[in-house]
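*Asks:* Input final-v9.txt, format and content: compact mmCIF, C-alpha atoms and all ligand atoms.
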```
# COMPACT_ATOMS: atom_id res chain seq x y z
CA MET A 206 -24.74 62.11 -206.60
CA SER A 207 -23.05 63.55 -209.66
CA THR A 208 -21.73 60.83 -211.90
CA ASP A 209 -18.61 62.56 -213.16
CA HIS A 210 -16.84 62.42 -209.83
CA ALA A 211 -15.42 59.19 -208.42
CA PRO A 212 -18.46 57.46 -206.97
CA ARG A 213 -16.12 54.54 -206.26
CA THR A 214 -14.56 56.37 -203.35
CA GLY A 215 -17.69 58.16 -202.27
CA VAL A 216 -15.72 61.26 -201.47
CA SER A 217 -15.62 63.57 -204.43
CA ARG A 218 -15.51 67.26 -205.02
CA ALA A 219 -18.58 69.36 -205.60
CA THR A 220 -19.86 69.91 -209.09
CA ARG A 221 -17.97 72.83 -210.50
CA PRO A 222 -19.92 75.73 -211.90
CA ASP A 223 -17.32 75.93 -214.67
CA PRO A 224 -16.67 72.83 -216.77
CA ALA A 225 -13.01 72.15 -216.18
CA PRO A 226 -10.81 69.17 -216.79
CA SER A 227 -9.69 67.23 -213.78
CA GLY A 228 -6.01 67.16 -212.82
CA THR A 229 -3.58 69.79 -211.75
CA ASP A 230 -4.15 73.24 -213.14
CA PRO A 231 -1.95 75.91 -211.59
CA ALA A 232 -3.48 78.36 -214.04
CA ARG A 233 -6.68 78.17 -212.01
CA PRO A 234 -5.60 79.22 -208.54
CA VAL A 235 -7.73 77.96 -205.68
CA VAL A 236 -5.68 79.58 -202.94
CA VAL A 237 -3.61 82.73 -203.31
CA ALA A 238 -1.64 84.30 -200.46
CA ASP A 239 0.04 87.47 -201.63
CA HIS A 240 2.75 89.04 -199.45
CA VAL A 241 0.95 88.02 -196.29
CA THR A 242 2.15 89.06 -192.85
CA ARG A 243 0.44 88.07 -189.62
CA ARG A 244 1.62 88.99 -186.13
CA PHE A 245 0.56 87.93 -182.68
CA GLY A 246 1.84 90.77 -180.51
CA GLU A 247 5.60 90.69 -180.87
CA VAL A 248 5.61 87.35 -182.68
CA VAL A 249 5.71 87.52 -186.47
CA ALA A 250 3.95 84.24 -187.30
CA LEU A 251 4.04 84.89 -191.05
CA ASP A 252 6.45 87.29 -192.67
CA ASP A 253 5.65 88.36 -196.24
CA VAL A 254 4.49 84.93 -197.36
CA SER A 255 3.32 84.40 -200.94
CA LEU A 256 1.85 81.10 -202.07
CA THR A 257 -0.47 80.03 -204.87
CA VAL A 258 -2.15 76.63 -204.94
CA GLY A 259 -3.69 75.63 -208.26
CA ALA A 260 -6.73 73.43 -208.80
CA GLY A 261 -5.91 69.75 -208.35
CA GLU A 262 -2.59 70.24 -206.58
CA LEU A 263 -1.59 68.24 -203.50
CA VAL A 264 0.76 70.46 -201.54
CA GLY A 265 2.61 69.53 -198.37
CA LEU A 266 3.35 72.38 -196.00
CA LEU A 267 6.35 71.42 -193.93
CA GLY A 268 7.98 73.24 -191.06
CA PRO A 269 9.09 72.87 -187.46
CA ASN A 270 6.89 73.72 -184.47
CA GLY A 271 5.82 77.33 -184.50
CA ALA A 272 6.83 77.85 -188.14
CA GLY A 273 3.51 79.46 -189.05
CA LYS A 274 1.75 76.57 -190.83
CA SER A 275 -1.48 76.64 -188.82
CA THR A 276 -1.56 80.41 -188.98
CA LEU A 277 -1.41 80.24 -192.77
CA LEU A 278 -4.26 77.72 -192.86
CA SER A 279 -6.32 79.91 -190.54
CA LEU A 280 -5.91 82.84 -192.96
CA ILE A 281 -6.87 80.69 -195.95
CA SER A 282 -9.96 79.41 -194.14
CA GLY A 283 -10.96 82.93 -193.14
CA GLN A 284 -10.68 82.31 -189.40
CA ARG A 285 -8.14 85.08 -189.17
CA LYS A 286 -7.18 87.94 -191.39
CA PRO A 287 -3.69 89.07 -192.33
CA ASP A 288 -2.14 92.24 -190.93
CA ALA A 289 -0.70 92.93 -194.38
CA GLY A 290 -1.11 91.36 -197.81
CA THR A 291 -4.13 89.57 -199.21
CA VAL A 292 -5.51 86.05 -199.17
CA ARG A 293 -7.91 84.75 -201.81
CA LEU A 294 -9.92 81.56 -201.83
CA PHE A 295 -11.56 80.76 -205.18
CA GLY A 296 -10.87 84.38 -206.04
CA GLY A 297 -12.88 85.76 -203.12
CA ASP A 298 -12.21 86.87 -199.57
CA PRO A 299 -12.08 83.75 -197.36
CA ARG A 300 -13.83 85.72 -194.63
CA ASP A 301 -16.87 85.87 -196.88
CA ALA A 302 -18.88 82.65 -196.28
CA ARG A 303 -19.64 82.38 -200.01
CA SER A 304 -15.94 81.82 -200.72
CA ARG A 305 -15.89 78.89 -198.29
CA VAL A 306 -18.76 76.88 -199.75
CA SER A 307 -16.33 74.46 -201.43
CA LEU A 308 -13.80 74.37 -198.60
CA GLY A 309 -13.26 71.44 -196.25
CA ILE A 310 -11.00 71.73 -193.25
CA THR A 311 -9.58 69.54 -190.52
CA PRO A 312 -7.97 71.74 -187.89
CA GLN A 313 -5.20 70.48 -185.63
CA GLU A 314 -7.70 70.04 -182.82
CA THR A 315 -11.35 69.28 -183.35
CA GLY A 316 -14.02 69.59 -180.69
CA LEU A 317 -16.64 66.90 -181.28
CA PRO A 318 -19.93 66.96 -179.34
CA ALA A 319 -19.26 64.18 -176.82
CA THR A 320 -22.80 62.90 -176.44
CA LEU A 321 -23.64 62.72 -180.14
CA LYS A 322 -23.13 59.44 -181.94
CA VAL A 323 -20.67 59.22 -184.83
CA ARG A 324 -23.49 58.73 -187.34
CA GLU A 325 -25.36 61.74 -185.94
CA VAL A 326 -22.33 64.01 -186.22
CA VAL A 327 -21.79 63.04 -189.87
CA ASP A 328 -25.53 63.49 -190.60
CA PHE A 329 -25.48 66.86 -188.88
CA VAL A 330 -22.43 68.22 -190.70
CA GLY A 331 -23.50 66.70 -194.03
CA GLY A 332 -26.91 68.34 -193.60
CA HIS A 333 -25.29 71.71 -194.22
CA TYR A 334 -24.30 70.76 -197.79
CA PRO A 335 -26.39 70.40 -200.93
CA ASP A 336 -24.91 67.04 -202.00
CA PRO A 337 -23.24 65.36 -199.03
CA VAL A 338 -21.50 62.01 -199.24
CA PRO A 339 -24.00 59.50 -197.78
CA THR A 340 -23.12 58.88 -194.14
CA ALA A 341 -22.75 55.09 -194.46
CA GLU A 342 -20.44 55.52 -197.46
CA LEU A 343 -18.21 58.02 -195.68
CA LEU A 344 -18.01 55.92 -192.51
CA GLU A 345 -17.12 52.86 -194.58
CA GLN A 346 -14.33 54.68 -196.36
CA PHE A 347 -12.79 55.88 -193.12
CA GLY A 348 -13.18 52.53 -191.36
CA LEU A 349 -15.73 53.94 -188.93
CA THR A 350 -18.75 51.77 -189.79
CA GLU A 351 -18.44 49.73 -186.60
CA LEU A 352 -18.41 52.90 -184.57
CA ALA A 353 -21.46 54.52 -186.19
CA GLY A 354 -23.58 54.10 -183.05
CA ARG A 355 -20.88 55.14 -180.58
CA GLN A 356 -20.90 58.50 -178.81
CA THR A 357 -17.91 60.53 -179.95
CA GLY A 358 -16.90 61.04 -176.32
CA ALA A 359 -16.17 57.30 -176.15
CA MET A 360 -13.86 57.27 -179.19
CA SER A 361 -10.09 56.92 -179.00
CA GLY A 362 -7.90 59.81 -180.08
CA GLY A 363 -7.07 58.09 -183.38
CA GLN A 364 -10.73 57.34 -184.09
CA LYS A 365 -11.65 60.97 -183.45
CA ARG A 366 -8.91 62.05 -185.83
CA ARG A 367 -10.31 59.81 -188.56
CA LEU A 368 -13.77 61.24 -188.00
CA ALA A 369 -12.40 64.79 -188.12
CA VAL A 370 -10.80 64.17 -191.52
CA ALA A 371 -13.94 62.38 -192.77
CA LEU A 372 -16.02 65.42 -191.79
CA SER A 373 -13.83 67.72 -193.88
CA LEU A 374 -14.83 65.71 -196.96
CA VAL A 375 -18.54 65.15 -196.29
CA GLY A 376 -19.64 68.17 -198.33
CA ARG A 377 -17.56 67.14 -201.40
CA PRO A 378 -15.30 70.19 -201.16
CA ARG A 379 -13.10 71.30 -204.05
CA VAL A 380 -10.25 72.07 -201.67
CA VAL A 381 -9.36 70.66 -198.25
CA LEU A 382 -6.98 72.05 -195.67
CA LEU A 383 -5.66 69.29 -193.44
CA ASP A 384 -3.65 70.36 -190.41
CA GLU A 385 -1.60 67.36 -189.22
CA PRO A 386 -4.20 64.89 -190.51
CA THR A 387 -2.66 61.69 -189.19
CA THR A 388 -1.33 62.77 -185.81
CA GLY A 389 -1.95 60.02 -183.27
CA LEU A 390 -2.84 57.36 -185.82
CA ASP A 391 -1.24 53.94 -185.93
CA VAL A 392 0.42 52.71 -189.12
CA SER A 393 -2.62 51.01 -190.67
CA ALA A 394 -5.00 53.86 -189.81
CA ARG A 395 -2.52 56.29 -191.33
CA GLN A 396 -2.30 54.24 -194.51
CA ALA A 397 -6.11 54.14 -194.76
CA LEU A 398 -6.28 57.89 -194.36
CA TRP A 399 -3.57 58.40 -196.98
CA ASP A 400 -5.64 56.25 -199.35
CA ALA A 401 -8.68 58.45 -198.70
CA ILE A 402 -6.67 61.62 -199.33
CA ARG A 403 -5.17 60.13 -202.52
CA ALA A 404 -8.62 59.10 -203.75
CA TYR A 405 -9.99 62.57 -203.13
CA HIS A 406 -7.02 64.09 -204.95
CA ALA A 407 -7.21 61.60 -207.83
CA ASP A 408 -10.76 62.77 -208.34
CA GLY A 409 -9.55 66.32 -208.91
CA GLY A 410 -9.66 67.65 -205.34
CA THR A 411 -7.09 70.17 -204.18
CA VAL A 412 -5.24 69.41 -200.95
CA LEU A 413 -3.07 71.56 -198.74
CA LEU A 414 -1.80 69.58 -195.78
CA THR A 415 0.63 70.23 -192.99
CA SER A 416 2.59 67.42 -191.46
CA HIS A 417 5.40 66.71 -189.09
CA TYR A 418 5.79 63.32 -190.68
CA LEU A 419 8.26 63.75 -193.51
CA GLU A 420 7.28 60.29 -194.61
CA GLU A 421 3.71 61.53 -195.02
CA VAL A 422 4.70 64.50 -197.16
CA GLN A 423 7.01 62.29 -199.21
CA ALA A 424 4.22 59.73 -199.68
CA LEU A 425 1.49 62.17 -200.64
CA ALA A 426 2.67 65.54 -201.84
CA GLN A 427 3.74 66.44 -205.35
CA ARG A 428 4.83 69.84 -204.23
CA VAL A 429 6.47 70.78 -200.95
CA VAL A 430 6.47 74.20 -199.33
CA VAL A 431 8.99 74.49 -196.51
CA ILE A 432 8.20 77.21 -194.03
CA ASP A 433 10.30 78.27 -191.07
CA GLN A 434 9.99 81.21 -188.71
CA GLY A 435 7.16 82.60 -190.81
CA VAL A 436 9.19 82.60 -194.03
CA VAL A 437 8.88 80.31 -197.07
CA LYS A 438 12.27 78.64 -197.39
CA ALA A 439 11.48 76.47 -200.38
CA ASP A 440 8.55 75.88 -202.70
CA ASP A 441 9.15 73.25 -205.33
CA SER A 442 8.25 69.80 -206.55
CA LEU A 443 9.19 66.99 -204.18
CA ASP A 444 11.81 65.75 -206.65
CA ALA A 445 13.34 69.19 -207.08
CA ILE A 446 13.52 69.66 -203.31
CA LEU A 447 15.34 66.36 -202.96
CA ARG A 448 17.70 67.23 -205.81
CA ARG A 449 18.44 70.57 -204.19
CA VAL A 450 20.18 68.82 -201.33
CA SER A 451 23.71 68.59 -202.48
CA LEU A 452 24.90 66.20 -199.79
CA ARG A 453 25.38 62.52 -200.47
CA ARG A 454 25.41 59.92 -197.74
CA VAL A 455 28.25 57.43 -197.86
CA VAL A 456 28.08 54.52 -195.44
CA VAL A 457 31.26 52.49 -195.08
CA GLY A 458 32.96 50.10 -192.71
CA SER A 459 36.59 50.79 -191.76
CA THR A 460 39.05 50.28 -188.94
CA ALA A 461 40.16 53.90 -189.48
CA ASP A 462 38.22 56.97 -188.38
CA LEU A 463 37.09 58.60 -191.65
CA ALA A 464 35.42 61.70 -190.19
CA ASP A 465 38.35 63.94 -191.10
CA ARG A 466 38.72 62.79 -194.71
CA PRO A 467 38.64 65.64 -197.27
CA GLY A 468 35.08 66.57 -198.27
CA VAL A 469 33.37 65.00 -195.25
CA VAL A 470 31.12 67.65 -193.73
CA ARG A 471 29.32 65.50 -191.21
CA SER A 472 29.75 62.02 -189.79
CA ASP A 473 28.15 59.55 -187.45
CA ARG A 474 28.77 56.03 -186.18
CA LEU A 475 26.00 53.56 -187.03
CA GLY A 476 24.83 50.73 -184.79
CA ASP A 477 26.45 48.12 -187.06
CA GLY A 478 29.87 49.73 -186.60
CA ARG A 479 29.93 51.40 -190.01
CA GLN A 480 30.51 55.11 -190.42
CA GLU A 481 28.01 57.44 -192.03
CA LEU A 482 29.75 60.23 -193.95
CA TYR A 483 28.00 63.20 -195.59
CA THR A 484 29.79 64.86 -198.47
CA PRO A 485 28.91 67.07 -201.44
CA ASP A 486 30.92 64.79 -203.76
CA ALA A 487 30.62 61.06 -203.06
CA ASP A 488 32.71 60.15 -206.12
CA ALA A 489 35.65 62.26 -204.94
CA LEU A 490 35.42 60.79 -201.45
CA VAL A 491 35.48 57.23 -202.77
CA ARG A 492 38.43 58.05 -205.06
CA GLU A 493 40.24 59.50 -202.07
CA LEU A 494 39.58 56.39 -199.97
CA VAL A 495 40.91 54.15 -202.74
CA THR A 496 44.06 56.17 -203.47
CA SER A 497 44.89 56.63 -199.80
CA GLY A 498 44.95 52.87 -199.34
CA VAL A 499 42.85 53.07 -196.19
CA ASP A 500 41.03 49.87 -195.30
CA PHE A 501 37.30 50.02 -196.10
CA HIS A 502 34.43 47.64 -196.89
CA ASP A 503 30.61 47.45 -197.22
CA LEU A 504 30.39 50.74 -199.11
CA GLU A 505 26.93 52.18 -199.71
CA ILE A 506 26.04 55.55 -201.31
CA ARG A 507 22.68 57.23 -201.63
CA GLY A 508 21.07 60.64 -202.12
CA ALA A 509 19.46 62.67 -199.41
CA SER A 510 16.04 61.89 -197.94
CA LEU A 511 13.37 64.50 -197.42
CA GLU A 512 14.39 64.52 -193.78
CA GLU A 513 17.92 65.57 -194.69
CA ALA A 514 16.62 68.12 -197.18
CA PHE A 515 14.34 69.54 -194.54
CA GLU A 516 17.06 69.68 -191.90
CA GLN A 517 19.35 71.42 -194.33
CA MET A 518 16.72 74.00 -195.30
CA VAL A 519 15.71 74.93 -191.79
CA ALA A 520 19.19 74.68 -190.29
CA ARG A 521 19.64 77.68 -188.06
CA ASP A 522 23.44 77.44 -188.13
CA ALA A 523 24.77 78.62 -191.43
CA ALA A 524 27.51 76.35 -192.75
CA PRO A 525 27.20 72.58 -192.78
CA THR A 526 30.89 72.39 -191.88
CA THR A 527 30.23 74.18 -188.60
CA GLU A 528 27.43 71.77 -187.87
CA ALA A 529 29.65 68.85 -188.83
CA ARG A 530 32.36 69.75 -186.46
CA SER A 531 29.99 70.38 -183.57
CA ARG A 532 28.40 66.94 -183.78
N1 LIG B 1 -3.33 82.93 -181.01
C1 LIG B 1 -2.03 83.13 -180.89
N2 LIG B 1 -1.55 84.02 -179.98
C2 LIG B 1 -0.24 84.26 -179.85
N3 LIG B 1 0.72 83.66 -180.59
C3 LIG B 1 0.31 82.76 -181.51
C4 LIG B 1 -1.07 82.46 -181.70
N4 LIG B 1 -1.18 81.54 -182.68
C5 LIG B 1 0.08 81.27 -183.09
N5 LIG B 1 0.97 82.01 -182.38
C6 LIG B 1 2.43 82.00 -182.56
O1 LIG B 1 2.72 82.17 -183.94
C7 LIG B 1 3.79 81.32 -184.34
C8 LIG B 1 3.32 80.39 -185.45
O2 LIG B 1 2.41 79.46 -184.87
P1 LIG B 1 1.66 78.34 -185.73
O3 LIG B 1 0.68 77.66 -184.84
O4 LIG B 1 1.15 78.94 -186.98
O5 LIG B 1 2.87 77.37 -186.07
P2 LIG B 1 2.84 75.90 -186.68
O6 LIG B 1 3.84 75.88 -187.77
O7 LIG B 1 1.45 75.51 -187.05
O8 LIG B 1 3.35 75.04 -185.46
P3 LIG B 1 3.00 73.53 -185.02
O9 LIG B 1 3.67 72.65 -186.01
O10 LIG B 1 3.62 73.43 -183.67
O11 LIG B 1 1.53 73.40 -185.02
C9 LIG B 1 4.25 80.63 -183.08
O12 LIG B 1 5.32 81.35 -182.55
C10 LIG B 1 3.05 80.68 -182.17
O13 LIG B 1 3.44 80.66 -180.82
```
Can you dump the structure from the file as structure tokens?
Ligand SMILES: Nc1ncnc2c1ncn2[C@@H]1O[C@H](COP(=O)(O)OP(=O)(O)OP(=O)(O)O)[C@@H](O)[C@H]1O
*Replies:*
Amino acid sequence: MSTDHAPRTGVSRATRPDPAPSGTDPARPVVVADHVTRRFGEVVALDDVSLTVGAGELVGLLGPNGAGKSTLLSLISGQRKPDAGTVRLFGGDPRDARSRVSLGITPQETGLPATLKVREVVDFVGGHYPDPVPTAELLEQFGLTELAGRQTGAMSGGQKRRLAVALSLVGRPRVVLLDEPTTGLDVSARQALWDAIRAYHADGGTVLLTSHYLEEVQALAQRVVVIDQGVVKADDSLDAILRRVSLRRVVVGSTADLADRPGVVRSDRLGDGRQELYTPDADALVRELVTSGVDFHDLEIRGASLEEAFEQMVARDAAPTTEARSR
């Protein structure tokens, strides 16, 4: 095992041919998609998508069902090729096996050989790499030690998912593509997997993950790429994405219905009887409530969550006001 890469976690990236500092380095692109279009018959799964992922980045790819996320990963991993545009992995064509030597991938669905034991599968996959993470170490990190002797066909869905993610890291890749890594996992298994992904990233690994769990993207990613209907809608730091959402959420109790107050673009009734009001200017709304003399109490104001940012970015109906009035 090389000593310069996080032996504590067991899972570390391969020794780089070029001596490079660890940490994020967008100047050294690992993945480049340049004006990529991919169709399936009439369906345009990706429409002129450009994306660069630098060494050491942890990027969350977020989008609704059918947005094109898996298609993008399949182009980056060389499983498919674009109809137009180019994709580069470590500067080479991902369809060339040499470009994929330092790539780890967990697809959305993984077929595991049902009669092989967990330990045997890890040994087998690890056997294809020059410096694999020792099987016992990897199983320990993913909480699979107890299951080492079990046939994969007898594992639960969540256990299989953990094994699938573990397998993507066995060869100490420099980049991993994780398609919905924690689908089907319970809270503690998800946390354990997040820890493993964070440890890999802290050691300098590059991660591109898709997720339906906004909480997951918010917990892990430094950069968020929002994709919808094959088009990149936003590509920015998590903080910048959150700041971009202009709406503020004002929660307030009142005997009056406040949905039609000036500046309120959306409203809801909460279980505790309070009203949830979305407005671009919370200060103005509060001033208006005070000057109007309307009864109100238990006021609470906060910024948008990633969920709200996401909903706003992929909203199919144009104006928030329209949406507000239709709710
Ligand atoms: N092999 C295929 N044949 C035909 N259409 C496909 C194929 N693969 C993907 N598509 C279509 O391309 C579009 C993008 O699909 P993709 O699987 O990339 O979306 P996704 O964002 O990963 O969705 P999900 O979150 O549901 O996994 C969808 O409309 C999908 O139906």
*Asks:* Name the residues in contact with Arg428 in chain A at a cut-off of 7 Å, using only C-alpha atoms, excluding same-chain residues fewer than 2 positions from it; report them as a short mmCIF file (atom, residue, chain, number, x, y, z; two decimals) with C-alpha atoms, in the frame of the given file.
*Replies:*
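The resulting file, out_10.cif, is reproduced below:
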```cif
data_model
loop_
_atom_site.label_atom_id
_atom_site.label_comp_id
_atom_site.auth_asym_id
_atom_site.auth_seq_id
_atom_site.Cartn_x
_atom_site.Cartn_y
_atom_site.Cartn_z
CA LEU A 263 -1.59 68.24 -203.50
CA VAL A 264 0.76 70.46 -201.54
CA GLY A 265 2.61 69.53 -198.37
CA ALA A 426 2.67 65.54 -201.84
CA VAL A 430 6.47 74.20 -199.33
CA ASP A 441 9.15 73.25 -205.33
CA SER A 442 8.25 69.80 -206.55
CA LEU A 443 9.19 66.99 -204.18
#
```
*Asks:* Please build the interface table for chain A against ligand LIG 1 (chain B) with a cut-off of 7 Å, listing for each qualifying residue the nearest atom pair and the distance in Å to one decimal; count all atoms listed in the file, order rows by chain and increasing number, and write it as a tab-separated table.
*Replies:*
```
residue	atom	partner	partner_atom	distance
A:Phe245	CA	B:LIG1	C2	4.7
A:Gly246	CA	B:LIG1	C2	6.9
A:Val248	CA	B:LIG1	O12	6.0
A:Val249	CA	B:LIG1	O1	6.6
A:Ala250	CA	B:LIG1	O1	4.1
A:Gly268	CA	B:LIG1	O6	5.9
A:Pro269	CA	B:LIG1	O9	5.6
A:Asn270	CA	B:LIG1	O10	3.4
A:Gly271	CA	B:LIG1	O5	3.3
A:Ala272	CA	B:LIG1	O6	3.6
A:Gly273	CA	B:LIG1	O4	3.2
A:Lys274	CA	B:LIG1	O6	3.8
A:Ser275	CA	B:LIG1	O7	3.6
A:Thr276	CA	B:LIG1	O4	3.7
A:Leu277	CA	B:LIG1	O4	6.5
A:His417	CA	B:LIG1	O9	6.9
A:Gly435	CA	B:LIG1	C8	7.0
```
*Asks:* So the first atom is CA of Leu382 in chain A and the second is CA of Leu414 in chain A; what is the distance between them in Å, to one decimal place?
*Replies:* 5.7 Å
*Asks:* May I ask which of the residues A:Glu516, A:Asp462, A:Leu425, A:Thr411 is the closest one to Gly261 in chain A, counting only C-alpha atoms?
*Replies:*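 Of all the options, A:Thr411 lies closest to Gly261 in chain A.
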*Asks:* Neighbouring residues of range 338-347 of chain A were defined as those with any atom within 10 Å, considering only C-alpha atoms; residues of the same chain fewer than 2 positions away were excluded. Please report them as number ranges by chain.
*Replies:* A: 206, 212-218, 323-331, 334-336, 349-353, 364, 367-368, 370-372, 374-377, 394, 397-398, 400-401
*Asks:* Determine, counting all atoms listed in the file, which protein, DNA and RNA residues have an atom within 6 Å of an atom of range 497-512 of chain A; residues of the same chain fewer than 6 positions away are not included. Present the result as a ChimeraX atom specification.
*Replies:* /A:453-459
*Asks:* Could you please determine the separation between CA of Pro287 in chain A and CA of Leu413 in chain A in Å, to one decimal place?
*Replies:*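 A separation of 18.7 Å between them.
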*Asks:* Fewer than 3 positions away in the same chain doesn't count, so skip those; otherwise give me all residues within 8 Å of Ser307 in chain A, counting only C-alpha atoms, as a list in words.
*Replies:*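 Residues near the query, excluding close chain neighbours: Ala219, Ser304, Gly376, Arg377, Pro378, Arg379 and Val380 of chain A.
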*Asks:* At a cut-off of 8 Å, using all atoms listed in the file, what residues contact Asp288 in chain A? Leave out same-chain residues fewer than 2 positions from it and give the result as a list in words.
*Replies:*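 Those residues are Val241, Thr242, Arg243, Arg244, Lys286 and Gly290 of chain A.
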*Asks:* Interatomic distance between CA of Arg293 in chain A and CA of Asp252 in chain A?
*Replies:*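 Rounded to one decimal, the two atoms are 17.2 Å apart.
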*Asks:* Taking into account only C-alpha atoms, which residue in the set A:Gly478, A:Gly296, A:Gly358, A:Gly283 is nearest to Pro318 in chain A?
*Replies:*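 Under the stated criterion, the closest residue is A:Gly358.
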*Asks:* Here is a test: counting only C-alpha atoms, which residue of A:Val437, A:Ile432, A:Ala445, A:Leu308 is nearest to Leu383 in chain A?
*Replies:*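 The shortest atom-to-atom distance to Leu383 in chain A comes from A:Leu308.
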*Asks:* So that I can look at just that part, could you write range 409-426 of chain A with N, CA and C atoms, as a compact mmCIF listing (two decimals), in the first residue's frame?
*Replies:*
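Result file result20.txt:
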```txt
# COMPACT_ATOMS: atom_id res chain seq x y z
N GLY A 409 -8.33 12.95 -1.48
CA GLY A 409 -7.98 13.50 -2.80
C GLY A 409 -8.78 12.91 -3.94
N GLY A 410 -9.65 11.95 -3.64
CA GLY A 410 -10.45 11.33 -4.70
C GLY A 410 -11.48 12.29 -5.28
N THR A 411 -11.81 12.09 -6.53
CA THR A 411 -12.81 12.91 -7.22
C THR A 411 -14.11 12.12 -7.26
N VAL A 412 -15.21 12.78 -6.96
CA VAL A 412 -16.50 12.08 -6.89
C VAL A 412 -17.54 12.83 -7.72
N LEU A 413 -18.24 12.08 -8.55
CA LEU A 413 -19.41 12.61 -9.24
C LEU A 413 -20.55 11.69 -8.87
N LEU A 414 -21.53 12.21 -8.13
CA LEU A 414 -22.62 11.34 -7.70
C LEU A 414 -23.96 11.92 -8.10
N THR A 415 -24.88 11.03 -8.41
CA THR A 415 -26.25 11.46 -8.65
C THR A 415 -27.06 11.08 -7.42
N SER A 416 -28.09 11.84 -7.15
CA SER A 416 -28.93 11.49 -6.02
C SER A 416 -30.29 12.12 -6.15
N HIS A 417 -31.27 11.37 -5.65
CA HIS A 417 -32.61 11.95 -5.53
C HIS A 417 -32.79 12.56 -4.16
N TYR A 418 -31.85 12.21 -3.27
CA TYR A 418 -31.96 12.74 -1.91
C TYR A 418 -31.25 14.08 -1.85
N LEU A 419 -32.04 15.15 -1.77
CA LEU A 419 -31.45 16.48 -1.70
C LEU A 419 -30.57 16.59 -0.47
N GLU A 420 -31.02 15.91 0.57
CA GLU A 420 -30.27 15.90 1.82
C GLU A 420 -28.86 15.33 1.59
N GLU A 421 -28.79 14.33 0.73
CA GLU A 421 -27.50 13.69 0.44
C GLU A 421 -26.58 14.66 -0.29
N VAL A 422 -27.12 15.33 -1.29
CA VAL A 422 -26.32 16.29 -2.06
C VAL A 422 -25.88 17.43 -1.14
N GLN A 423 -26.81 17.88 -0.30
CA GLN A 423 -26.50 18.99 0.61
C GLN A 423 -25.42 18.56 1.62
N ALA A 424 -25.47 17.29 2.02
CA ALA A 424 -24.52 16.80 3.03
C ALA A 424 -23.14 16.55 2.44
N LEU A 425 -23.07 16.19 1.16
CA LEU A 425 -21.79 15.77 0.61
C LEU A 425 -21.15 16.74 -0.36
N ALA A 426 -21.97 17.27 -1.26
CA ALA A 426 -21.39 17.95 -2.42
C ALA A 426 -20.96 19.37 -2.12
```
